[in-house]
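Quick look at model21.cif (mmCIF, C-alpha atoms):
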data_run
loop_
_atom_site.label_atom_id
_atom_site.label_comp_id
_atom_site.auth_asym_id
_atom_site.auth_seq_id
_atom_site.Cartn_x
_atom_site.Cartn_y
_atom_site.Cartn_z
CA MET Y 1 -5.67 55.69 36.07
CA ASP Y 2 -4.36 53.51 33.29
CA ASN Y 3 -7.49 52.38 31.44
CA SER Y 4 -5.93 49.23 30.03
CA THR Y 5 -4.94 47.97 33.49
CA PHE Y 6 -8.39 48.82 34.78
CA TYR Y 7 -10.04 46.97 31.92
CA VAL Y 8 -8.04 43.78 32.39
CA SER Y 9 -9.03 43.43 36.03
CA SER Y 10 -12.67 44.07 35.21
CA ARG Y 11 -13.23 40.98 33.08
CA LEU Y 12 -15.55 38.17 34.05
CA VAL Y 13 -14.93 34.59 35.10
CA ALA Y 14 -16.97 32.31 32.82
CA VAL Y 15 -17.95 28.74 32.19
CA SER Y 16 -18.62 27.91 28.55
CA ASN Y 17 -20.53 25.27 26.73
CA THR Y 18 -18.84 24.03 23.55
CA GLY Y 19 -20.94 26.10 21.11
CA PRO Y 20 -19.86 29.67 21.91
CA LEU Y 21 -16.17 28.69 21.82
CA LEU Y 22 -16.69 26.86 18.53
CA SER Y 23 -18.31 29.99 17.07
CA ALA Y 24 -15.31 32.06 18.15
CA PHE Y 25 -13.02 29.49 16.51
CA GLN Y 26 -15.14 29.36 13.36
CA CYS Y 27 -14.80 33.08 12.73
CA GLY Y 28 -11.29 33.34 14.18
CA ARG Y 29 -12.23 35.87 16.88
CA VAL Y 30 -11.28 34.39 20.24
CA ASP Y 31 -9.89 37.86 20.96
CA LEU Y 32 -13.45 39.13 21.41
CA LEU Y 33 -13.98 36.64 24.23
CA LYS Y 34 -10.77 37.87 25.84
CA LEU Y 35 -12.08 41.45 25.87
CA TYR Y 36 -14.71 40.64 28.46
CA LEU Y 37 -13.66 37.33 30.01
CA ALA Y 38 -10.64 36.73 32.25
CA VAL Y 39 -10.83 32.94 32.13
CA ILE Y 40 -13.18 30.25 30.81
CA HIS Y 41 -13.74 27.05 32.76
CA ILE Y 42 -14.96 23.96 30.90
CA PRO Y 43 -15.80 20.40 31.94
CA GLN Y 44 -13.58 17.56 30.71
CA SER Y 45 -16.42 16.13 28.58
CA GLU Y 46 -16.26 19.16 26.27
CA LEU Y 47 -12.76 18.21 25.14
CA MET Y 48 -14.23 15.26 23.24
CA GLU Y 49 -16.74 17.58 21.62
CA PHE Y 50 -14.00 19.95 20.48
CA GLU Y 51 -12.18 16.96 19.02
CA ARG Y 52 -15.31 15.81 17.21
CA HIS Y 53 -15.72 19.30 15.73
CA ASN Y 54 -12.09 19.48 14.60
CA ALA Y 55 -11.19 22.13 17.13
CA SER Y 56 -8.71 20.19 19.30
CA GLU Y 57 -5.76 22.30 18.24
CA GLU Y 58 -7.57 25.55 19.02
CA ILE Y 59 -8.84 24.52 22.44
CA ARG Y 60 -5.46 23.06 23.45
CA SER Y 61 -3.79 26.32 22.53
CA LEU Y 62 -6.18 28.24 24.82
CA ILE Y 63 -5.62 25.70 27.60
CA ALA Y 64 -1.84 26.07 27.24
CA GLU Y 65 -2.05 29.84 27.62
CA GLY Y 66 -4.34 29.52 30.66
CA PHE Y 67 -7.37 31.22 29.15
CA VAL Y 68 -9.33 27.95 29.25
CA VAL Y 69 -9.18 25.67 32.29
CA VAL Y 70 -10.49 22.08 32.19
CA HIS Y 71 -12.15 20.46 35.20
CA HIS Y 72 -13.05 16.88 36.11
CA LEU Y 73 -16.35 16.52 37.89
CA GLY Y 74 -16.69 14.53 41.11
CA PRO Y 75 -19.24 11.72 41.54
CA GLU Y 76 -21.85 13.98 43.16
CA GLU Y 77 -21.39 16.57 40.46
CA CYS Y 78 -21.81 13.89 37.77
CA THR Y 79 -25.09 12.82 39.34
CA LYS Y 80 -26.31 16.41 39.38
CA ALA Y 81 -25.21 16.88 35.77
CA GLU Y 82 -27.15 13.81 34.70
CA GLU Y 83 -30.25 15.19 36.38
CA LEU Y 84 -29.81 18.52 34.62
CA ALA Y 85 -29.15 16.81 31.28
CA LYS Y 86 -32.47 14.97 31.67
CA ASN Y 87 -34.18 18.30 32.35
CA ILE Y 88 -32.63 19.77 29.20
CA ALA Y 89 -33.69 16.75 27.13
CA ALA Y 90 -37.22 17.04 28.53
CA SER Y 91 -37.51 20.71 27.56
CA VAL Y 92 -39.96 21.51 24.78
CA GLU Y 93 -37.13 23.43 23.12
CA ALA Y 94 -34.89 20.32 22.90
CA ARG Y 95 -34.84 18.58 19.55
CA VAL Y 96 -32.53 15.77 20.69
CA LYS Y 97 -34.28 13.84 23.45
CA GLU Y 98 -31.40 11.56 24.58
CA PHE Y 99 -30.12 13.09 27.82
CA GLU Y 100 -26.53 11.88 27.21
CA HIS Y 101 -26.38 14.33 24.32
CA HIS Y 102 -26.88 17.23 26.76
CA LEU Y 103 -24.35 16.15 29.40
CA PRO Y 104 -21.60 18.66 28.46
CA GLU Y 105 -23.88 21.70 28.86
CA ALA Y 106 -25.30 20.18 32.07
CA GLU Y 107 -21.76 19.70 33.38
CA ALA Y 108 -20.99 23.32 32.51
CA MET Y 109 -23.95 24.36 34.68
CA VAL Y 110 -22.62 22.24 37.55
CA LEU Y 111 -19.22 23.94 37.25
CA MET Y 112 -20.95 27.32 37.57
CA ARG Y 113 -21.94 26.28 41.09
CA ARG Y 114 -18.41 25.55 42.34
CA PRO Y 115 -17.85 28.42 44.78
CA GLU Y 116 -14.06 28.23 44.58
CA LEU Y 117 -14.11 29.08 40.86
CA GLY Y 118 -16.10 32.30 41.38
CA CYS Y 119 -17.88 31.88 38.05
CA GLU Y 120 -20.01 34.82 37.04
CA VAL Y 121 -21.50 33.96 33.66
CA LEU Y 122 -22.32 30.89 31.59
CA LEU Y 123 -21.85 30.96 27.82
CA VAL Y 124 -24.52 28.80 26.21
CA GLU Y 125 -26.58 29.33 23.08
CA GLU Y 126 -28.99 26.36 22.80
CA LYS Y 127 -32.50 27.34 23.80
CA ALA Y 128 -33.22 24.18 25.78
CA ALA Y 129 -30.06 24.48 27.88
CA ARG Y 130 -30.76 28.17 28.45
CA GLU Y 131 -34.20 27.37 29.78
CA VAL Y 132 -32.69 25.06 32.42
CA ALA Y 133 -29.89 27.54 33.21
CA ARG Y 134 -32.49 30.25 33.85
CA GLU Y 135 -34.36 27.95 36.22
CA LEU Y 136 -31.08 27.62 38.13
CA LYS Y 137 -30.85 31.43 38.18
CA LEU Y 138 -27.52 31.36 36.36
CA GLU Y 139 -26.33 34.46 34.52
CA ILE Y 140 -26.12 33.60 30.83
CA THR Y 141 -24.79 35.09 27.63
CA GLY Y 142 -23.25 33.80 24.41
CA PHE Y 143 -20.82 34.51 21.61
CA VAL Y 144 -23.34 36.63 19.69
CA GLY Y 145 -23.93 38.75 22.80
CA ILE Y 146 -20.20 39.36 23.05
CA VAL Y 147 -20.01 40.29 19.36
CA ALA Y 148 -22.93 42.72 19.77
CA LYS Y 149 -21.31 44.31 22.82
CA ALA Y 150 -18.00 44.70 21.02
CA ALA Y 151 -19.84 46.42 18.15
CA SER Y 152 -21.65 48.75 20.56
CA GLU Y 153 -18.28 49.85 21.94
CA GLY Y 154 -16.84 50.45 18.46
CA ILE Y 155 -14.31 47.62 18.83
CA ILE Y 156 -15.66 46.00 15.67
CA THR Y 157 -17.74 47.55 12.89
CA ILE Y 158 -21.38 46.77 12.14
CA GLU Y 159 -20.22 45.19 8.87
CA GLU Y 160 -17.88 42.93 10.83
CA VAL Y 161 -20.79 41.75 13.01
CA GLN Y 162 -22.55 40.46 9.93
CA CYS Y 163 -19.38 39.05 8.42
CA LEU Y 164 -18.36 37.14 11.58
CA LEU Y 165 -21.79 35.67 12.27
CA GLU Y 166 -22.21 34.75 8.59
CA MET Y 167 -18.89 32.91 8.77
CA CYS Y 168 -20.23 30.86 11.68
CA ARG Y 169 -23.45 30.25 9.79
CA GLN Y 170 -21.64 29.09 6.68
CA LYS Y 171 -19.97 26.46 8.85
CA GLY Y 172 -23.33 25.22 10.08
CA THR Y 173 -24.05 27.27 13.21
CA ARG Y 174 -27.77 28.03 13.16
CA TYR Y 175 -27.78 31.77 13.83
CA SER Y 176 -31.00 33.17 12.34
CA ASP Y 177 -31.30 36.18 10.03
CA ALA Y 178 -33.28 37.96 12.76
CA LEU Y 179 -30.53 37.33 15.30
CA ILE Y 180 -27.79 38.66 13.03
CA GLU Y 181 -29.89 41.71 12.14
CA TRP Y 182 -30.59 42.41 15.81
CA ALA Y 183 -26.91 42.11 16.71
CA GLN Y 184 -26.09 44.69 14.03
CA GLU Y 185 -28.94 46.95 15.08
CA TYR Y 186 -27.86 46.80 18.73
CA GLY Y 187 -24.30 47.71 17.84
CA ARG Y 188 -25.49 50.59 15.66
CA GLU Y 189 -27.90 52.06 18.25
CA ARG Y 190 -25.56 51.89 21.20
CA ARG Y 191 -22.55 53.51 19.57
CA MET R 1 -5.78 28.09 12.62
CA LYS R 2 -7.65 25.67 10.41
CA GLU R 3 -10.93 27.51 10.94
CA GLY R 4 -12.45 26.23 7.71
CA TYR R 5 -12.66 22.73 9.14
CA ILE R 6 -14.38 23.53 12.40
CA THR R 7 -17.92 22.20 12.30
CA ALA R 8 -21.00 23.55 14.08
CA HIS R 9 -22.02 22.56 17.54
CA GLU R 10 -25.50 21.02 17.95
CA PRO R 11 -26.69 21.63 14.37
CA ASP R 12 -30.07 20.10 15.30
CA GLU R 13 -30.75 22.29 18.30
CA GLU R 14 -32.51 25.64 18.13
CA LEU R 15 -30.26 28.52 19.13
CA LEU R 16 -31.00 31.82 20.81
CA GLY R 17 -33.19 34.47 19.15
CA PRO R 18 -33.19 38.30 19.12
CA LYS R 19 -34.99 38.57 22.49
CA ASP R 20 -32.43 36.27 24.11
CA LEU R 21 -29.66 38.37 22.62
CA GLU R 22 -31.09 41.54 24.11
CA GLU R 23 -30.98 39.87 27.54
CA ASP R 24 -27.48 38.52 26.87
CA VAL R 25 -26.03 41.94 26.21
CA ALA R 26 -27.90 43.46 29.16
CA THR R 27 -26.46 40.70 31.36
CA LEU R 28 -22.94 41.41 30.10
CA ASP R 29 -23.38 45.16 30.65
CA ARG R 30 -24.64 44.64 34.20
CA LEU R 31 -22.02 42.07 35.22
CA LEU R 32 -19.15 44.08 33.76
CA ALA R 33 -20.38 47.25 35.48
CA GLU R 34 -20.56 45.41 38.81
CA LYS R 35 -17.09 43.99 38.22
CA ARG R 36 -15.66 47.42 37.43
CA LYS R 37 -17.10 48.80 40.66
CA ALA R 38 -15.62 45.93 42.63
CA ALA R 39 -12.27 46.35 40.91
CA ILE R 40 -11.82 50.00 41.81
CA LEU R 41 -10.41 49.43 45.31
CA SER R 42 -8.04 46.73 44.12
CA GLU R 43 -6.71 49.12 41.46
CA LEU R 44 -5.73 51.83 43.93
CA ASP R 45 -2.03 52.55 44.19
CA PRO R 46 -0.33 51.56 47.48
CA GLU R 47 0.01 55.14 48.66
CA THR R 48 -3.71 55.82 48.35
CA TRP R 49 -4.43 52.51 50.07
CA HIS R 50 -2.17 53.59 52.92
CA LEU R 51 -4.06 56.87 53.25
CA LEU R 52 -7.35 54.97 53.38
CA GLU R 53 -6.00 52.68 56.08
CA GLU R 54 -4.73 55.68 58.07
CA LEU R 55 -8.22 57.25 58.02
CA VAL R 56 -9.67 54.04 59.41
CA GLU R 57 -6.87 53.41 61.94
CA GLN R 58 -7.16 56.96 63.29
CA GLY R 59 -10.90 56.47 63.73
CA ILE R 60 -11.77 59.28 61.32
CA CYS R 61 -13.78 56.81 59.24
CA GLN R 62 -15.28 53.48 60.31
CA ASP R 63 -14.06 51.66 57.22
CA GLU R 64 -12.67 52.16 53.69
CA LYS R 65 -16.16 52.44 52.24
CA GLU R 66 -16.99 55.40 54.48
CA ALA R 67 -13.66 57.03 53.65
CA VAL R 68 -14.29 56.76 49.91
CA THR R 69 -17.88 57.98 50.26
CA ARG R 70 -16.88 61.05 52.28
CA ALA R 71 -13.91 61.78 50.02
CA VAL R 72 -16.00 61.70 46.85
CA ARG R 73 -18.74 63.85 48.39
CA ALA R 74 -16.15 66.38 49.59
CA PHE R 75 -14.58 66.43 46.13
CA VAL R 76 -17.93 67.07 44.44
CA LEU R 77 -18.71 69.87 46.89
CA ALA R 78 -15.33 71.40 46.11
CA VAL R 79 -15.37 71.26 42.32
CA SER R 80 -18.99 71.09 41.12
CA PRO R 81 -20.72 74.40 40.22
CA GLN R 82 -24.03 73.07 41.64
CA PRO R 83 -22.90 70.52 44.23
CA TYR R 84 -26.15 70.42 46.20
CA ARG R 85 -27.98 69.00 43.18
CA LEU R 86 -25.58 66.02 43.28
CA VAL R 87 -24.80 65.53 46.96
CA ARG R 88 -27.72 64.73 49.25
CA GLY R 89 -27.63 64.43 53.00
#
For this file, write the structure as structure tokens.
Amino acid sequence: MDNSTFYVSSRLVAVSNTGPLLSAFQCGRVDLLKLYLAVIHIPQSELMEFERHNASEEIRSLIAEGFVVVHHLGPEECTKAEELAKNIAASVEARVKEFEHHLPEAEAMVLMRRPELGCEVLLVEEKAAREVARELKLEITGFVGIVAKAASEGIITIEEVQCLLEMCRQKGTRYSDALIEWAQEYGRERR
Amino acid sequence: MKEGYITAHEPDEELLGPKDLEEDVATLDRLLAEKRKAAILSELDPETWHLLEELVEQGICQDEKEAVTRAVRAFVLAVSPQPYRLVRG
């Protein structure tokens, strides 16, 4: 069997919060997302966030090629998202307590529950949002997880793991030293 | 790409730690493995699919799953030096 064909059809359908995509843009490695994900669904509200973070051009390019698909939420879904955003804001892990701030990640969680999309994994890296996603029994991962997996398969080197995550950190993404070290260690051990 | 200008998402919020990352990679491994298993049948060439359908239509196997199971077991029995350690029942 042709391994490349097999690999393509074995990728996951994801919903992403803004953060993991921004990290991929920050270090210029959207290709790593494409290794494991067939398509990424996002709620409309994230487009404004990408614009605010100067990533409009990048996200529009991914939308144009079909790798990212944008969805409007219906009234019932918006109500559910507001409820989830309040749960995120109420989490002990949340630093920002205004629920409106957490609406995009809450909307991403609502998209995960649309059966017609067949979503399998949610990309989210904020602790508070993860706590709520776990309560909903959603499968979660993030950009760093994808980087670590790519390293474990020899697709990128251990040095690249550090370099890529440091690039994100230099642009303000709060990946800790311990996280970066673990990602490298994981890649090293699993090779 | 103007990657130098892209600012961080949620700079005030705490992000995942090493333990979360361990779970993240385990989740990816598990989901991708499940997906690969599910993809196998859809990757079969048309001729093999036709053979599977013939086995079911002729009543030799109840469904495609049984046909694959019996075929793999028969193959292991044929080629493995110690097949009875691998094939049970």
Practice task
I would like the residues chosen by the PyMOL selection byres ((chain Y) within 6 of (chain R)) on the shown file; could you give them as number ranges by chain?
Solution key: Y: 10, 19, 26, 53-55, 95, 125-127, 141, 145, 171-173, 179, 182
Handout entry: Interatomic distance, CA of Glu189 (chain Y) to CA of Val124 (chain Y) (Å, one decimal)
Key = 24.8 Å
Would you translate the PyMOL selection byres ((chain Y and resi 123) around 10) into the concrete set of residues it matches in this file, as an mmCIF file with C-alpha atoms, keeping the file's coordinate frame?
data_model
loop_
_atom_site.group_PDB
_atom_site.id
_atom_site.type_symbol
_atom_site.label_atom_id
_atom_site.label_comp_id
_atom_site.auth_asym_id
_atom_site.auth_seq_id
_atom_site.Cartn_x
_atom_site.Cartn_y
_atom_site.Cartn_z
ATOM 1 C CA ALA Y 14 -16.970 32.310 32.820
ATOM 2 C CA VAL Y 15 -17.950 28.740 32.190
ATOM 3 C CA SER Y 16 -18.620 27.910 28.550
ATOM 4 C CA ASN Y 17 -20.530 25.270 26.730
ATOM 5 C CA THR Y 18 -18.840 24.030 23.550
ATOM 6 C CA GLY Y 19 -20.940 26.100 21.110
ATOM 7 C CA PRO Y 20 -19.860 29.670 21.910
ATOM 8 C CA LEU Y 21 -16.170 28.690 21.820
ATOM 9 C CA ILE Y 40 -13.180 30.250 30.810
ATOM 10 C CA GLU Y 105 -23.880 21.700 28.860
ATOM 11 C CA ALA Y 108 -20.990 23.320 32.510
ATOM 12 C CA MET Y 109 -23.950 24.360 34.680
ATOM 13 C CA VAL Y 121 -21.500 33.960 33.660
ATOM 14 C CA LEU Y 122 -22.320 30.890 31.590
ATOM 15 C CA VAL Y 124 -24.520 28.800 26.210
ATOM 16 C CA GLU Y 125 -26.580 29.330 23.080
ATOM 17 C CA GLU Y 126 -28.990 26.360 22.800
ATOM 18 C CA ARG Y 130 -30.760 28.170 28.450
ATOM 19 C CA GLU Y 139 -26.330 34.460 34.520
ATOM 20 C CA ILE Y 140 -26.120 33.600 30.830
ATOM 21 C CA THR Y 141 -24.790 35.090 27.630
ATOM 22 C CA GLY Y 142 -23.250 33.800 24.410
ATOM 23 C CA PHE Y 143 -20.820 34.510 21.610
ATOM 24 C CA GLY Y 145 -23.930 38.750 22.800
ATOM 25 C CA ILE Y 146 -20.200 39.360 23.050
ATOM 26 C CA ASP R 24 -27.480 38.520 26.870
#
Handout entry: Between CA of Gly66 (chain Y) and CA of Glu82 (chain Y) - distance in Å to one decimal
Key =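 Value for the CA of Glu82 (chain Y)-CA of Gly66 (chain Y) distance: 28.0 Å.
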Problem - Point-to-point distance from CA of Gln62 (chain R) to CA of Leu86 (chain R), Å rounded to tenths - result: 23.5 Å
Fill in the blank from the handout: With distances taken over all atoms listed in the file, the candidate from R:Leu52, R:Glu47, R:Val76, R:Leu41 nearest Glu64 (chain R) is R:Leu52
